[in-house]
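Enquirer: You'll find entry-v9.pdb just under this line, and it carries PDB, C-alpha atoms.
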ATOM      1  CA  MET A   1     -16.532 -29.404 -26.380
ATOM      2  CA  SER A   2     -18.807 -27.278 -24.193
ATOM      3  CA  ASP A   3     -17.478 -24.928 -21.561
ATOM      4  CA  ARG A   4     -18.731 -27.297 -18.875
ATOM      5  CA  ASP A   5     -17.103 -30.349 -20.501
ATOM      6  CA  SER A   6     -13.819 -28.485 -20.843
ATOM      7  CA  LEU A   7     -13.572 -28.229 -17.036
ATOM      8  CA  SER A   8     -12.605 -31.898 -16.787
ATOM      9  CA  ALA A   9      -9.847 -31.410 -19.377
ATOM     10  CA  ARG A  10      -8.140 -28.440 -17.772
ATOM     11  CA  GLN A  11      -4.768 -28.464 -16.074
ATOM     12  CA  LEU A  12      -4.140 -26.225 -13.099
ATOM     13  CA  PRO A  13      -1.046 -24.046 -12.819
ATOM     14  CA  PHE A  14       0.725 -24.662  -9.506
ATOM     15  CA  MET A  15       2.359 -22.119  -7.221
ATOM     16  CA  THR A  16       6.051 -22.501  -6.546
ATOM     17  CA  LEU A  17       7.000 -22.029  -2.916
ATOM     18  CA  SER A  18      10.488 -21.130  -1.798
ATOM     19  CA  ASP A  19      12.773 -23.655  -0.109
ATOM     20  CA  GLY A  20      13.964 -20.942   2.294
ATOM     21  CA  LEU A  21      17.626 -21.828   1.829
ATOM     22  CA  PRO A  22      20.205 -19.092   2.453
ATOM     23  CA  SER A  23      20.837 -18.975  -1.296
ATOM     24  CA  SER A  24      17.156 -18.283  -2.036
ATOM     25  CA  LEU A  25      15.400 -14.936  -2.075
ATOM     26  CA  THR A  26      13.556 -15.878   1.122
ATOM     27  CA  GLY A  27      16.602 -16.886   3.131
ATOM     28  CA  PRO A  28      17.189 -15.197   6.496
ATOM     29  CA  PRO A  29      18.906 -11.807   6.402
ATOM     30  CA  PRO A  30      22.577 -11.736   7.361
ATOM     31  CA  PRO A  31      23.323 -10.836  10.984
ATOM     32  CA  LEU A  32      23.665  -7.189  11.785
ATOM     33  CA  PRO A  33      27.338  -6.161  11.571
ATOM     34  CA  HIS A  34      29.132  -6.995  14.810
ATOM     35  CA  TYR A  35      31.039  -3.720  14.802
ATOM     36  CA  LEU A  36      27.886  -1.615  15.240
ATOM     37  CA  ASN A  37      27.110  -0.232  18.680
ATOM     38  CA  ALA A  38      23.608  -0.394  20.154
ATOM     39  CA  GLU A  39      22.523   2.812  18.419
ATOM     40  CA  GLY A  40      23.891   1.615  15.107
ATOM     41  CA  ARG A  41      22.093  -1.723  15.398
ATOM     42  CA  ALA A  42      18.843   0.049  16.202
ATOM     43  CA  LEU A  43      19.199   2.242  13.122
ATOM     44  CA  ALA A  44      20.172  -0.683  10.880
ATOM     45  CA  ARG A  45      17.214  -2.753  12.072
ATOM     46  CA  PHE A  46      14.734  -0.233  10.662
ATOM     47  CA  ALA A  47      16.807   1.001   7.733
ATOM     48  CA  VAL A  48      14.952   1.313   4.411
ATOM     49  CA  GLU A  49      17.016   0.713   1.289
ATOM     50  CA  GLY A  50      16.543   1.181  -2.435
ATOM     51  CA  ASN A  51      13.757   2.983  -4.263
ATOM     52  CA  ALA A  52      10.025   3.235  -3.631
ATOM     53  CA  VAL A  53       6.932   3.932  -5.698
ATOM     54  CA  VAL A  54       3.930   5.377  -3.869
ATOM     55  CA  THR A  55       0.555   5.442  -5.621
ATOM     56  CA  GLY A  56      -1.875   8.101  -4.509
ATOM     57  CA  GLY A  57       1.389   9.574  -3.347
ATOM     58  CA  ALA A  58       0.319  13.218  -3.346
ATOM     59  CA  GLY A  59      -2.277  12.538  -0.656
ATOM     60  CA  THR A  60      -1.717  13.493   2.971
ATOM     61  CA  LEU A  61      -1.247  10.016   4.455
ATOM     62  CA  ALA A  62       0.847   8.764   1.539
ATOM     63  CA  LEU A  63       3.175  11.763   1.665
ATOM     64  CA  SER A  64       3.661  11.301   5.397
ATOM     65  CA  ALA A  65       4.569   7.638   4.852
ATOM     66  CA  ALA A  66       6.915   8.530   1.986
ATOM     67  CA  ARG A  67       8.643  11.124   4.147
ATOM     68  CA  ALA A  68       9.137   8.500   6.869
ATOM     69  CA  LEU A  69      10.760   6.105   4.392
ATOM     70  CA  LEU A  70      13.138   8.841   3.259
ATOM     71  CA  GLU A  71      13.989   9.589   6.891
ATOM     72  CA  HIS A  72      14.896   5.927   7.357
ATOM     73  CA  GLY A  73      17.250   5.844   4.394
ATOM     74  CA  LEU A  74      15.176   5.388   1.239
ATOM     75  CA  ALA A  75      17.355   6.344  -1.720
ATOM     76  CA  ASN A  76      14.797   7.612  -4.242
ATOM     77  CA  LEU A  77      11.047   8.151  -4.368
ATOM     78  CA  VAL A  78       8.538   8.081  -7.206
ATOM     79  CA  ILE A  79       5.028   9.420  -6.664
ATOM     80  CA  PHE A  80       2.105   8.363  -8.845
ATOM     81  CA  ASP A  81      -1.141  10.319  -8.619
ATOM     82  CA  LEU A  82      -3.764  12.061 -10.687
ATOM     83  CA  GLN A  83      -2.699  15.368 -12.211
ATOM     84  CA  SER A  84      -5.402  17.234 -10.283
ATOM     85  CA  THR A  85      -4.130  15.921  -6.943
ATOM     86  CA  ILE A  86      -0.541  16.681  -7.885
ATOM     87  CA  ARG A  87      -1.519  20.289  -8.587
ATOM     88  CA  ALA A  88      -3.452  20.591  -5.339
ATOM     89  CA  SER A  89      -0.484  19.228  -3.344
ATOM     90  CA  ALA A  90       2.178  21.271  -5.127
ATOM     91  CA  ASP A  91       3.465  22.967  -1.960
ATOM     92  CA  ALA A  92       3.721  19.718   0.017
ATOM     93  CA  LEU A  93       5.464  17.994  -2.882
ATOM     94  CA  GLN A  94       7.973  20.817  -3.204
ATOM     95  CA  ALA A  95       8.609  20.677   0.531
ATOM     96  CA  ILE A  96       9.555  17.000   0.420
ATOM     97  CA  LYS A  97      11.846  17.689  -2.534
ATOM     98  CA  ASP A  98      13.525  20.515  -0.614
ATOM     99  CA  ASP A  99      13.883  18.472   2.574
ATOM    100  CA  PHE A 100      15.443  15.489   0.779
ATOM    101  CA  SER A 101      17.436  17.154  -1.958
ATOM    102  CA  GLN A 102      19.992  14.322  -1.932
ATOM    103  CA  SER A 103      17.312  11.935  -3.244
ATOM    104  CA  ARG A 104      15.693  11.818  -6.637
ATOM    105  CA  ILE A 105      11.987  12.465  -6.194
ATOM    106  CA  LEU A 106       9.969  11.954  -9.350
ATOM    107  CA  ILE A 107       6.306  12.896  -9.625
ATOM    108  CA  THR A 108       4.219  11.592 -12.486
ATOM    109  CA  ALA A 109       0.532  11.531 -13.350
ATOM    110  CA  VAL A 110      -0.784   7.953 -13.524
ATOM    111  CA  ASP A 111      -4.312   6.572 -13.616
ATOM    112  CA  VAL A 112      -3.973   3.319 -11.663
ATOM    113  CA  THR A 113      -6.971   1.809 -13.469
ATOM    114  CA  ASP A 114      -5.228   2.102 -16.852
ATOM    115  CA  ALA A 115      -3.134  -1.062 -17.251
ATOM    116  CA  GLU A 116      -1.067   0.282 -20.129
ATOM    117  CA  ALA A 117      -0.340   3.534 -18.307
ATOM    118  CA  VAL A 118       0.671   1.628 -15.172
ATOM    119  CA  ASP A 119       3.034  -0.653 -17.094
ATOM    120  CA  ALA A 120       4.564   2.326 -18.884
ATOM    121  CA  ALA A 121       5.025   4.166 -15.596
ATOM    122  CA  PHE A 122       6.905   1.275 -13.983
ATOM    123  CA  THR A 123       9.055   0.881 -17.094
ATOM    124  CA  MET A 124       9.878   4.583 -16.775
ATOM    125  CA  VAL A 125      10.773   4.147 -13.110
ATOM    126  CA  ALA A 126      13.140   1.269 -13.848
ATOM    127  CA  GLY A 127      14.781   3.297 -16.588
ATOM    128  CA  GLU A 128      15.119   6.453 -14.518
ATOM    129  CA  ILE A 129      16.246   5.129 -11.133
ATOM    130  CA  GLY A 130      17.248   1.531 -11.818
ATOM    131  CA  THR A 131      15.194  -0.625  -9.451
ATOM    132  CA  VAL A 132      11.769  -0.869  -7.859
ATOM    133  CA  ASP A 133      12.266  -2.154  -4.321
ATOM    134  CA  THR A 134       9.163  -0.957  -2.493
ATOM    135  CA  LEU A 135       5.587  -0.222  -3.526
ATOM    136  CA  LEU A 136       3.027   1.513  -1.348
ATOM    137  CA  CYS A 137      -0.496   1.493  -2.784
ATOM    138  CA  PHE A 138      -2.382   4.420  -1.293
ATOM    139  CA  ALA A 139      -4.502   5.341  -4.322
ATOM    140  CA  GLY A 140      -8.204   5.012  -3.534
ATOM    141  CA  ILE A 141     -11.612   6.636  -3.474
ATOM    142  CA  VAL A 142     -14.607   6.476  -1.164
ATOM    143  CA  GLY A 143     -18.286   7.089  -1.814
ATOM    144  CA  CYS A 144     -21.130   7.052   0.695
ATOM    145  CA  VAL A 145     -24.315   5.986  -1.064
ATOM    146  CA  HIS A 146     -27.251   3.891   0.119
ATOM    147  CA  ALA A 147     -27.005   0.458  -1.467
ATOM    148  CA  MET A 148     -30.486   0.637  -3.003
ATOM    149  CA  GLU A 149     -29.596   3.933  -4.664
ATOM    150  CA  MET A 150     -26.113   3.029  -5.888
ATOM    151  CA  THR A 151     -25.684   2.908  -9.645
ATOM    152  CA  PRO A 152     -23.651   0.210 -11.396
ATOM    153  CA  THR A 153     -21.241   2.941 -12.489
ATOM    154  CA  GLN A 154     -20.635   4.050  -8.900
ATOM    155  CA  TRP A 155     -20.086   0.448  -7.785
ATOM    156  CA  ARG A 156     -17.689  -0.377 -10.609
ATOM    157  CA  LYS A 157     -15.654   2.808 -10.250
ATOM    158  CA  THR A 158     -14.979   2.210  -6.549
ATOM    159  CA  LEU A 159     -13.851  -1.367  -7.127
ATOM    160  CA  ASP A 160     -11.916  -0.384 -10.238
ATOM    161  CA  VAL A 161      -9.834   2.241  -8.438
ATOM    162  CA  ASN A 162      -9.445   0.595  -5.041
ATOM    163  CA  THR A 163      -9.093  -3.072  -5.945
ATOM    164  CA  THR A 164      -8.213  -3.388  -9.621
ATOM    165  CA  GLY A 165      -5.902  -0.375  -9.439
ATOM    166  CA  SER A 166      -4.032  -1.897  -6.510
ATOM    167  CA  PHE A 167      -3.695  -5.206  -8.340
ATOM    168  CA  LEU A 168      -2.412  -3.602 -11.549
ATOM    169  CA  CYS A 169       0.237  -1.626  -9.674
ATOM    170  CA  ALA A 170       1.259  -4.604  -7.541
ATOM    171  CA  GLN A 171       1.488  -6.782 -10.647
ATOM    172  CA  ALA A 172       3.650  -4.275 -12.521
ATOM    173  CA  ALA A 173       5.916  -3.773  -9.510
ATOM    174  CA  ALA A 174       6.250  -7.519  -8.935
ATOM    175  CA  LYS A 175       7.214  -8.122 -12.577
ATOM    176  CA  GLN A 176       9.994  -5.578 -12.217
ATOM    177  CA  MET A 177      11.134  -6.989  -8.857
ATOM    178  CA  ALA A 178      11.203 -10.518 -10.304
ATOM    179  CA  LYS A 179      13.170  -9.294 -13.319
ATOM    180  CA  GLN A 180      15.686  -7.628 -10.997
ATOM    181  CA  GLY A 181      15.980 -10.776  -8.902
ATOM    182  CA  THR A 182      16.278  -8.685  -5.773
ATOM    183  CA  GLY A 183      12.912  -9.194  -4.084
ATOM    184  CA  GLY A 184      10.975  -6.331  -2.573
ATOM    185  CA  SER A 185       8.133  -5.185  -0.358
ATOM    186  CA  ILE A 186       4.598  -4.316  -1.449
ATOM    187  CA  MET A 187       2.104  -2.716   0.919
ATOM    188  CA  LEU A 188      -1.541  -2.481  -0.085
ATOM    189  CA  THR A 189      -3.926  -0.171   1.748
ATOM    190  CA  ALA A 190      -7.053  -1.854   3.056
ATOM    191  CA  SER A 191      -9.177  -0.372   5.872
ATOM    192  CA  ILE A 192     -11.149  -1.205   8.978
ATOM    193  CA  SER A 193     -13.947  -1.225   6.408
ATOM    194  CA  ALA A 194     -12.564  -4.609   5.335
ATOM    195  CA  HIS A 195     -13.252  -6.010   8.798
ATOM    196  CA  ARG A 196     -16.610  -4.613   9.868
ATOM    197  CA  VAL A 197     -19.500  -2.467   8.605
ATOM    198  CA  ASN A 198     -18.883   1.218   9.159
ATOM    199  CA  PHE A 199     -21.417   3.356  10.998
ATOM    200  CA  PRO A 200     -23.260   5.631  10.423
ATOM    201  CA  GLN A 201     -22.414   6.103   6.742
ATOM    202  CA  PRO A 202     -23.487   3.557   4.086
ATOM    203  CA  GLN A 203     -20.571   2.639   1.807
ATOM    204  CA  VAL A 204     -21.018  -0.907   0.588
ATOM    205  CA  ALA A 205     -18.799  -0.579  -2.509
ATOM    206  CA  TYR A 206     -15.903   0.823  -0.485
ATOM    207  CA  ASN A 207     -16.246  -1.874   2.168
ATOM    208  CA  VAL A 208     -16.253  -4.623  -0.437
ATOM    209  CA  SER A 209     -13.291  -3.108  -2.280
ATOM    210  CA  LYS A 210     -11.223  -3.053   0.909
ATOM    211  CA  ALA A 211     -12.219  -6.577   1.970
ATOM    212  CA  ALA A 212     -10.975  -7.640  -1.451
ATOM    213  CA  ILE A 213      -7.632  -5.969  -0.732
ATOM    214  CA  VAL A 214      -7.149  -8.168   2.349
ATOM    215  CA  ALA A 215      -7.769 -11.273   0.240
ATOM    216  CA  LEU A 216      -5.564  -9.891  -2.526
ATOM    217  CA  LYS A 217      -2.520  -9.400  -0.287
ATOM    218  CA  SER A 218      -2.823 -12.985   1.004
ATOM    219  CA  SER A 219      -3.014 -14.422  -2.503
ATOM    220  CA  LEU A 220      -0.120 -12.351  -3.796
ATOM    221  CA  ALA A 221       1.982 -13.098  -0.700
ATOM    222  CA  ALA A 222       1.564 -16.821  -1.377
ATOM    223  CA  GLU A 223       2.335 -16.577  -5.091
ATOM    224  CA  TRP A 224       5.231 -14.149  -4.973
ATOM    225  CA  ALA A 225       7.215 -15.224  -1.904
ATOM    226  CA  ASN A 226       9.365 -17.416  -4.144
ATOM    227  CA  HIS A 227      10.560 -14.201  -5.813
ATOM    228  CA  GLY A 228      11.488 -12.687  -2.460
ATOM    229  CA  ILE A 229       8.505 -10.334  -2.656
ATOM    230  CA  ARG A 230       6.686  -9.694   0.600
ATOM    231  CA  VAL A 231       3.080  -8.484   0.319
ATOM    232  CA  ASN A 232       1.199  -7.037   3.280
ATOM    233  CA  SER A 233      -1.690  -4.676   3.881
ATOM    234  CA  LEU A 234      -2.448  -1.794   6.196
ATOM    235  CA  SER A 235      -5.968  -1.302   7.561
ATOM    236  CA  PRO A 236      -6.264   2.228   8.944
ATOM    237  CA  GLY A 237      -9.131   3.384  11.074
ATOM    238  CA  TYR A 238     -10.660   6.838  10.725
ATOM    239  CA  MET A 239      -7.829   9.305  10.205
ATOM    240  CA  ASP A 240      -8.109  13.010  10.980
ATOM    241  CA  THR A 241      -7.308  14.314   7.496
ATOM    242  CA  VAL A 242      -9.017  16.632   5.039
ATOM    243  CA  LEU A 243     -11.027  13.686   3.694
ATOM    244  CA  ASN A 244     -12.796  13.425   7.051
ATOM    245  CA  ALA A 245     -13.056  17.158   7.752
ATOM    246  CA  GLY A 246     -15.762  19.774   7.309
ATOM    247  CA  GLU A 247     -18.894  20.872   9.136
ATOM    248  CA  GLY A 248     -21.002  18.385   7.220
ATOM    249  CA  LEU A 249     -19.134  15.487   8.845
ATOM    250  CA  GLU A 250     -19.260  16.718  12.446
ATOM    251  CA  GLU A 251     -22.006  14.308  13.515
ATOM    252  CA  ALA A 252     -20.229  11.376  11.853
ATOM    253  CA  ARG A 253     -16.906  12.366  13.419
ATOM    254  CA  ARG A 254     -18.498  12.359  16.868
ATOM    255  CA  SER A 255     -19.912   8.892  16.184
ATOM    256  CA  TRP A 256     -16.538   7.566  15.021
ATOM    257  CA  SER A 257     -14.753   8.929  18.085
ATOM    258  CA  ASN A 258     -17.447   7.838  20.536
ATOM    259  CA  ARG A 259     -17.242   4.254  19.247
ATOM    260  CA  ASN A 260     -13.452   4.162  19.587
ATOM    261  CA  PRO A 261     -11.852   2.936  22.861
ATOM    262  CA  MET A 262      -9.191   5.652  22.535
ATOM    263  CA  GLY A 263     -11.886   8.259  21.982
ATOM    264  CA  ARG A 264     -10.391   9.886  18.911
ATOM    265  CA  MET A 265      -9.472   9.577  15.260
ATOM    266  CA  GLY A 266      -5.952   8.802  14.108
ATOM    267  CA  SER A 267      -3.483  11.652  13.632
ATOM    268  CA  LEU A 268      -1.141  12.253  10.741
ATOM    269  CA  GLY A 269       1.989  10.158  11.228
ATOM    270  CA  GLU A 270       0.393   7.372  13.235
ATOM    271  CA  LEU A 271       0.523   4.980  10.264
ATOM    272  CA  ASP A 272       4.161   5.689   9.476
ATOM    273  CA  GLY A 273       5.701   3.283  11.989
ATOM    274  CA  VAL A 274       3.952   0.277  10.476
ATOM    275  CA  VAL A 275       4.939   1.378   6.971
ATOM    276  CA  VAL A 276       8.609   1.615   7.996
ATOM    277  CA  LEU A 277       8.397  -1.796   9.674
ATOM    278  CA  LEU A 278       7.022  -3.445   6.539
ATOM    279  CA  CYS A 279       9.593  -1.814   4.250
ATOM    280  CA  SER A 280      12.676  -2.370   6.396
ATOM    281  CA  ARG A 281      14.823  -5.235   7.616
ATOM    282  CA  ALA A 282      12.610  -5.371  10.711
ATOM    283  CA  GLY A 283       9.812  -6.785   8.543
ATOM    284  CA  SER A 284      11.916  -9.399   6.739
ATOM    285  CA  TYR A 285       9.757 -12.328   7.975
ATOM    286  CA  ILE A 286       6.407 -10.577   7.610
ATOM    287  CA  THR A 287       4.279 -11.389   4.575
ATOM    288  CA  GLY A 288       0.576 -12.020   4.068
ATOM    289  CA  ALA A 289      -0.222  -9.926   7.142
ATOM    290  CA  ASP A 290      -2.806  -7.197   7.620
ATOM    291  CA  PHE A 291      -2.019  -4.525  10.182
ATOM    292  CA  VAL A 292      -5.082  -2.860  11.728
ATOM    293  CA  VAL A 293      -4.201   0.606  13.044
ATOM    294  CA  ASP A 294      -7.455   2.030  14.367
ATOM    295  CA  GLY A 295      -7.201   2.944  18.044
ATOM    296  CA  GLY A 296      -9.160  -0.201  18.863
ATOM    297  CA  ALA A 297     -12.261   0.678  16.851
ATOM    298  CA  THR A 298     -12.689  -2.864  15.519
ATOM    299  CA  VAL A 299     -12.648  -4.519  18.951
ATOM    300  CA  PHE A 300     -16.380  -3.809  19.175
TER     301      PHE A 300
END
Starting from the file, give its structure as structure tokens.
Expert:
Amino acid sequence: MSDRDSLSARQLPFMTLSDGLPSSLTGPPPPLPHYLNAEGRALARFAVEGNAVVTGGAGTLALSAARALLEHGLANLVIFDLQSTIRASADALQAIKDDFSQSRILITAVDVTDAEAVDAAFTMVAGEIGTVDTLLCFAGIVGCVHAMEMTPTQWRKTLDVNTTGSFLCAQAAAKQMAKQGTGGSIMLTASISAHRVNFPQPQVAYNVSKAAIVALKSSLAAEWANHGIRVNSLSPGYMDTVLNAGEGLEEARRSWSNRNPMGRMGSLGELDGVVVLLCSRAGSYITGADFVVDGGATVF
């Protein structure tokens, strides 16, 4: 039978959707305790429970988000990143350990494009701290190259890290969450680059990789809801971090700010509120969503 003939003989696997009953993993959360006062209810609404894994976790934005989760009650934190980034961020990593000494904070070198290494890392996490309840995928790279000059290697590397790496980590986390039977929250990092062409820099591979992330979170949200796993994505605009700093980027920075209704780039910490929302009780009915946090840049 030829490959074409075999199409008519295939059988499709079907998704299983949840029935949403209180006994299911997608049932509504229990009411907030009646004995809490207004302040207590406010705190409980945005409380973050359990353990989190953060990929690309030694980066500036990821560390800020991780710190916010710890501030809202996260029990333990595991950071995945490349060894070189871990070394470069040694002071910041030590600071978060010092500030949250009551939590276990594990830091391990992981290449998110290596499926075996990713699986081993999540197995280690489950063994060390018991459960994986939250995953934040911040690992990613960017490259600005004219499309006609881009090599196949450059194209593949960007998609491999940004898209395939996110999928491999989400898959490994979801397997562990399903095994636990406790559900969980997965946040993928997309970008405004998923929604419009950036200007003035050419970065076709990055744009495509981030558009794929938006499609990925929708697909995974549909497939994994039955396991109580919520999957969402965050689409930041231009953030004022070291990745967008330097004299060589001054002209581009002016362009990015001038095309933004708020007239500026995002500051460190301005993504953290959305991250807490998605990882807390407050986000219990949010899945398959993409949150654009860009100061209005994509309204044009």
Enquirer: List the residues selected by the PyMOL selection byres ((chain A and resi 49) around 10) in the file shown, writing them as a PyMOL selection string.
Expert: chain A and resi 46-48+50-52+69-70+72-76+133-134+279-281
Enquirer: For a test of reading the model, state the distance in Å between CA of Ser191 in chain A and CA of Ile229 in chain A, rounded to one decimal.
Expert: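 Value for the CA of Ser191 in chain A-CA of Ile229 in chain A distance: 22.0 Å.
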Enquirer: I would like the residues chosen by the PyMOL selection byres ((chain A and resi 24) around 12) on the shown file; could you give them as a count of residues only?
Expert: 20
Enquirer: Taking the file above as input, evaluate the PyMOL selection byres ((chain A and resi 81) around 9) and report the hits as an MDAnalysis selection string.
Expert: chainID A and resid 54:59 79:80 82:86 107:112 139
Enquirer: Okay, now the selection with C-alpha atoms, as a tab-separated table (two decimals), in the coordinates of the input?
Expert:
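Output saved as result_33.tsv:
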chain	number	residue	atom	x	y	z
A	54	VAL	CA	3.93	5.38	-3.87
A	55	THR	CA	0.56	5.44	-5.62
A	56	GLY	CA	-1.88	8.10	-4.51
A	57	GLY	CA	1.39	9.57	-3.35
A	58	ALA	CA	0.32	13.22	-3.35
A	59	GLY	CA	-2.28	12.54	-0.66
A	79	ILE	CA	5.03	9.42	-6.66
A	80	PHE	CA	2.10	8.36	-8.85
A	82	LEU	CA	-3.76	12.06	-10.69
A	83	GLN	CA	-2.70	15.37	-12.21
A	84	SER	CA	-5.40	17.23	-10.28
A	85	THR	CA	-4.13	15.92	-6.94
A	86	ILE	CA	-0.54	16.68	-7.88
A	107	ILE	CA	6.31	12.90	-9.62
A	108	THR	CA	4.22	11.59	-12.49
A	109	ALA	CA	0.53	11.53	-13.35
A	110	VAL	CA	-0.78	7.95	-13.52
A	111	ASP	CA	-4.31	6.57	-13.62
A	112	VAL	CA	-3.97	3.32	-11.66
A	139	ALA	CA	-4.50	5.34	-4.32
Enquirer: Quick one: contact table of range 164-213 of chain A to range 239-250 of chain A, 12 Å max, nearest atom pair and distance in Å to one decimal per residue, counting all atoms listed in the file, chain and number order, as CSV?
Expert:
residue,atom,partner,partner_atom,distance
A:Ser191,CA,A:Met239,CA,10.7
A:Ile192,CA,A:Met239,CA,11.1
A:Pro200,CA,A:Leu249,CA,10.8
A:Gln201,CA,A:Leu249,CA,10.2
Enquirer: Dump as a list in words all residues having an atom at most 8 Å from (-1.6, -2.9, 0.5), computed in the file's coordinates with all atoms listed in the file.
Expert: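 The residues that fall inside the cut-off are Leu136, Cys137, Phe138, Ser166, Ile186, Met187, Leu188, Thr189, Ala190, Ile213, Val214, Lys217, Val231, Asn232, Ser233 and Leu234 of chain A.
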Enquirer: Please put the answer as JSON: centre and edge lengths, in Å with one decimal, of a box along x, y and z that encloses all listed atoms of range 66-71 of chain A plus 4 Å on each side.
Expert:
{"center_x": 10.5, "center_y": 8.6, "center_z": 4.4, "size_x": 15.1, "size_y": 13.0, "size_z": 12.9}
Enquirer: Would you list the residues near (-13.4, -11.3, 2.8) (no more than 9 Å away, in the coordinates of the file, using all atoms listed in the file) as a count of residues only?
Expert: 9
Enquirer: Would you mind telling me which residue in A:Gly140, A:Glu116, A:Pro202, A:Thr153 lies nearest to Leu168 in chain A when using only C-alpha atoms?
Expert: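 Comparing A:Gly140, A:Glu116, A:Pro202, A:Thr153 against Leu168 in chain A, the winner is A:Glu116.
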Enquirer: To one decimal place, how far is CA of Ala68 in chain A from CA of Val276 in chain A in Å?
Expert: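 Pair CA of Ala68 in chain A / CA of Val276 in chain A returns 7.0 Å.
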Enquirer: Work out how far CA of Val142 in chain A is from CA of Arg259 in chain A, in Å to one decimal.
Expert: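 Between CA of Arg259 in chain A and CA of Val142 in chain A the gap is 20.7 Å.
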Enquirer: Here is a test: counting all atoms listed in the file, which residue of A:Leu135, A:Leu159, A:Ala297, A:Met262 is nearest to Arg230 in chain A?
Expert: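 Nearest to Arg230 in chain A: A:Leu135.
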Enquirer: Which is closer to Ala289 in chain A than all the others in A:Met124, A:Leu220, A:Val53, A:Ala252, using all atoms listed in the file?
Expert: A:Leu220
Enquirer: So which one's closest to Lys179 in chain A, A:Asn37, A:Ser235, A:Thr123, A:Thr113? Using all atoms listed in the file, please.
Expert: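 Between A:Asn37, A:Ser235, A:Thr123, A:Thr113, the residue approaching Lys179 in chain A most closely is A:Thr123.
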Enquirer: Which is closest to Gly296 in chain A among A:Arg45, A:Arg156, A:Arg264, A:Arg104, if we use only C-alpha atoms?
Expert: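 Among the listed residues, A:Arg264 lies closest to Gly296 in chain A.
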Enquirer: Between A:Gln203, A:Thr151, A:Thr131, A:Ser185, which has the minimum distance to Val275 in chain A (counting only C-alpha atoms)?
Expert: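 Of the candidates, the smallest distance to Val275 in chain A is held by A:Ser185.
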